[in-house]
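Here is the structure we will look at, set down as structure tokens.
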Amino acid sequence: MSDHDHDHTHEPRAADSHDHGHGGHSHAHGDNDGHSRGHGHDGQEHGGSRWSRLRHGVVHVVTPHSHEAGDKVDSAMESSAEGMRTLWISLSVLGVTTVLQALVVALSGSVALLGDTIHNGADALTAVPLGIAFILGRRAATRRFTYGFGRAEDLAGIAILLTITASSALAAYTAMDRLLNPREISHLSAVAAAAVVGFVGNEWVARYRIRTGRKIGSAALVADGLHARTDGFTSLAVLLGAGGAALGWQLADPIVGLLITVAILLVLKNAAKEVFRRLMDAVDPALVDTAETALRTVPGVKKVGEVRMRWIGHQLRAEATIVIDGSLSLFSAHQVAVDAEHALLHAVPRLTAALIHPDPTRTGEEDPHAALAHHQAA
């Protein structure tokens with residue numbers, strides 16, 4: 001079947017319960033499969049405006065259509081490019097904000113503003129590991145890294161958590177030092193103005209990062225956006241501290257510094273939860289429901305078995321078992337598997353590959369997986 005229109009490789013069945021994985025089918029659509037390149041299956045394409053959906057439907061009918069590896073690499077590169085653009089713009093905005101606040105810290109001696117400045121600077125620096133991760137994610141898969149380098153984003157998420165932890169420790173230390181060694185702060189109007197600048201800058205960056213992160217499916221970028229949002233609210237706390245100092249309460253500034261530390265720890269908890277879920281291959285259960293629903297609508301699929309998904313960077317991969325008529329010819333059974341993969345690629349946003357394993361309906365008492373029984377976990 002090497003001359004067949006579809007170039008299908010048969011890979012180990014990672015999705016089933018057998019550790020050795022026999023008989024799975026992976027469908028990689030090549031240049032000759034009658035589908036054109038450049039047609040993505042992501043949330044943006046299918047979840048956009050009415051005009052974009054209409055345009056997609058027309059193009060799908062009149063133009064050949066592809067899910068080949070080259071298209072998936074292009075889609076990943078486009079997403080990574082968008083992520084990089086978001087990072088560089090946020091880095092610039094936070095960099096300017098941090099510099100302005102640092103000047104006011106040097107002028108006023110406000111420890112609350114110092115904590116906010118440290119956090120803003122740390123937030124800007126998190127663009128570095130994320131940028132490295134996006135660049136690595138563009139590299140093609142190799143014989144050693146067969147799934148590519150998308151997991152670098154998850155490692156970047158860990159680096160971000162460490163950065164947040166370090167910034168919280170430094171903010172706590174400076175606040176405690178000022179509590180034990182009180183000192184008046186000056187230029188309160190400048191401190192208040194710097195606090196407002198910090199809030200506006202961080203909130204803008206937070207919205208931008210979260211929006212892009214959800215669009216391209218990057219948990220690390222969303223976590224970074226949540227971090228920036230908390231920074232914005234801590235900037236408002238600095239404003240309250242400046243108000244308390246203006247009323248003569250000398251301890252208002254270091255107390256606000258401690259409150260900022262608590263806020264940093266809260267965002268650390270939320271970001272850690274998000275990164276941990278990604279490292280543990282967690283996905284939104286609604287995505288699994290969507291995949292199962294899509295598979296059930298495929299002609300020839302009698303039953304949907306196990307469905308598994310995992311994020312690799314900001315791209316999804318799926319593995320599924322379907323039950324088909326055991327009397328079908330090999331060619332017909334294979335076509336059902338191809339149709340099942342195609343349905344998944346359309347139904348699940350950010351899905352770039354699906355490994356489909358067809359099981360035949362039983363015609364008697366024989367078990368089609370009898371040879372694998374001794375490999376199953378006890």
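Chain labels follow the order of the structure tokens: the first chain is A, the next B, and so on; residue numbering restarts at 1 in every chain, and ligands are counted from 1 in their shown order.
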Produce a table with one row for each residue of stretch 251-352 of chain A that has an atom at most 10 Å from any atom of stretch 172-186 of chain A, each row naming the nearest atom pair and its distance in Å at one decimal; use only C-alpha atoms; arrange rows by chain and rising residue number; format as JSON lines.
{"residue": "A:Leu251", "atom": "CA", "partner": "A:Leu179", "partner_atom": "CA", "distance": 6.8}
{"residue": "A:Ala252", "atom": "CA", "partner": "A:Leu179", "partner_atom": "CA", "distance": 9.5}
{"residue": "A:Asp253", "atom": "CA", "partner": "A:Ala175", "partner_atom": "CA", "distance": 8.2}
{"residue": "A:Pro254", "atom": "CA", "partner": "A:Ala175", "partner_atom": "CA", "distance": 4.8}
{"residue": "A:Ile255", "atom": "CA", "partner": "A:Ala175", "partner_atom": "CA", "distance": 7.0}
{"residue": "A:Val256", "atom": "CA", "partner": "A:Ala175", "partner_atom": "CA", "distance": 8.2}
{"residue": "A:Gly257", "atom": "CA", "partner": "A:Ala175", "partner_atom": "CA", "distance": 5.2}
{"residue": "A:Leu258", "atom": "CA", "partner": "A:Ala175", "partner_atom": "CA", "distance": 5.7}
{"residue": "A:Leu259", "atom": "CA", "partner": "A:Ala172", "partner_atom": "CA", "distance": 9.0}
{"residue": "A:Ile260", "atom": "CA", "partner": "A:Ala172", "partner_atom": "CA", "distance": 8.3}
{"residue": "A:Thr261", "atom": "CA", "partner": "A:Ala172", "partner_atom": "CA", "distance": 5.6}
{"residue": "A:Val262", "atom": "CA", "partner": "A:Ala172", "partner_atom": "CA", "distance": 8.6}
{"residue": "A:Ile264", "atom": "CA", "partner": "A:Ala172", "partner_atom": "CA", "distance": 9.9}
Exercise for review: Per DSSP on the backbone, filter stretch 132-269 of chain A down to the residues in helix (DSSP H, G or I) and report them as a PyMOL selection string.
Suggested key: chain A and resi 132-137+152-180+188-216+219-246+252-269
Practice item. For atom CA of A:Arg209 and atom CA of A:Leu161, quote the distance in Å rounded to one decimal. Key: 16.3 Å
Exercise for review: Point out the residue among A:Ala124, A:Ile118, A:Ala320, A:Ala291 with the least atom-to-atom distance to A:Ser90, counting only C-alpha atoms.
Suggested key: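 Result for the nearest residue to A:Ser90: A:Ala124.
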Review point. In stretch 336-374 of chain A, what's strand (DSSP E or B) per DSSP? Answer as a ChimeraX atom specification?
Key: /A:351-360
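Among A:Val105, A:Ala343, A:Leu170, A:Leu113, the residue with the shortest atom-to-atom distance to A:Val238, counting only C-alpha atoms, is A:Leu113.
The space separating atom CA of A:Ala246 from atom CA of A:Leu114 comes to 17.6 Å.
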**Study point:** Coordinates-based distance that separates atom CA of A:Asp224 from atom CA of A:Gly157 (Å, one decimal)
**Key:**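 Calculated distance between atom CA of A:Gly157 and atom CA of A:Asp224 is 8.3 Å.
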Exercise for review: Might you pull out every residue within 9 Å of A:Ala195, with only C-alpha atoms counted and same-chain residues fewer than 4 positions away left off, and present them as a list in words?
Suggested key: Gln101, Leu113, Asp116, Ala190, Val191, Phe199, Val200, Gly232, Thr234, Ser235, Leu236, Ala237, Val238 and Leu239 of chain A
Review point. Quick one: of A:Leu100, A:Leu130, A:Gly217, A:Leu91, who's nearest to A:Val196, counting only C-alpha atoms?
Key: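 Using only C-alpha atoms, the shortest distance to A:Val196 belongs to A:Leu100.
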At a cut-off of 12 Å, can you tabulate as a tab-separated table every residue of stretch 81-185 of chain A near stretch 306-311 of chain A together with its closest atom pair and the distance in Å to one decimal, using only C-alpha atoms and ordering rows by chain then number?
residue	atom	partner	partner_atom	distance
A:Tyr147	CA	A:Trp311	CA	10.8
A:Gly148	CA	A:Trp311	CA	11.9
A:Phe149	CA	A:Trp311	CA	11.7
A:Gly150	CA	A:Trp311	CA	8.6
A:Arg151	CA	A:Trp311	CA	8.3
A:Ala152	CA	A:Trp311	CA	11.6
A:Glu153	CA	A:Trp311	CA	10.3
A:Asp154	CA	A:Trp311	CA	9.6
**Study point:** For A:Arg350, the nearest of the candidates A:Leu240, A:Ile216, A:Ala294, A:Ile160, counting only C-alpha atoms
**Key:**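 Checking each of A:Leu240, A:Ile216, A:Ala294, A:Ile160 against A:Arg350, counting only C-alpha atoms, the winner is A:Ile216.
Among the candidates A:Gly243, A:Thr352, A:Gln376, A:Glu292, the residue lying nearest to A:His187 is A:Gly243 (atoms considered: only C-alpha atoms).
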Check your understanding: Restricting the calculation to only C-alpha atoms, which member of A:Leu316, A:Ile210, A:Leu188, A:Leu372 is positioned closest to A:Ala112?
Key ->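 Under the stated criterion, the closest residue is A:Leu188.
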Exercise for review: Name the residues in contact with stretch 82-88 of chain A at a cut-off of 9 Å, using only C-alpha atoms, excluding same-chain residues fewer than 2 positions from it; report them as JSON, numbers by chain.
Suggested key: {"A": [77, 78, 79, 80, 90, 91, 92, 93, 124, 126, 127, 128, 130, 131, 134, 135, 205, 208, 209, 212, 213, 216, 218, 221]}
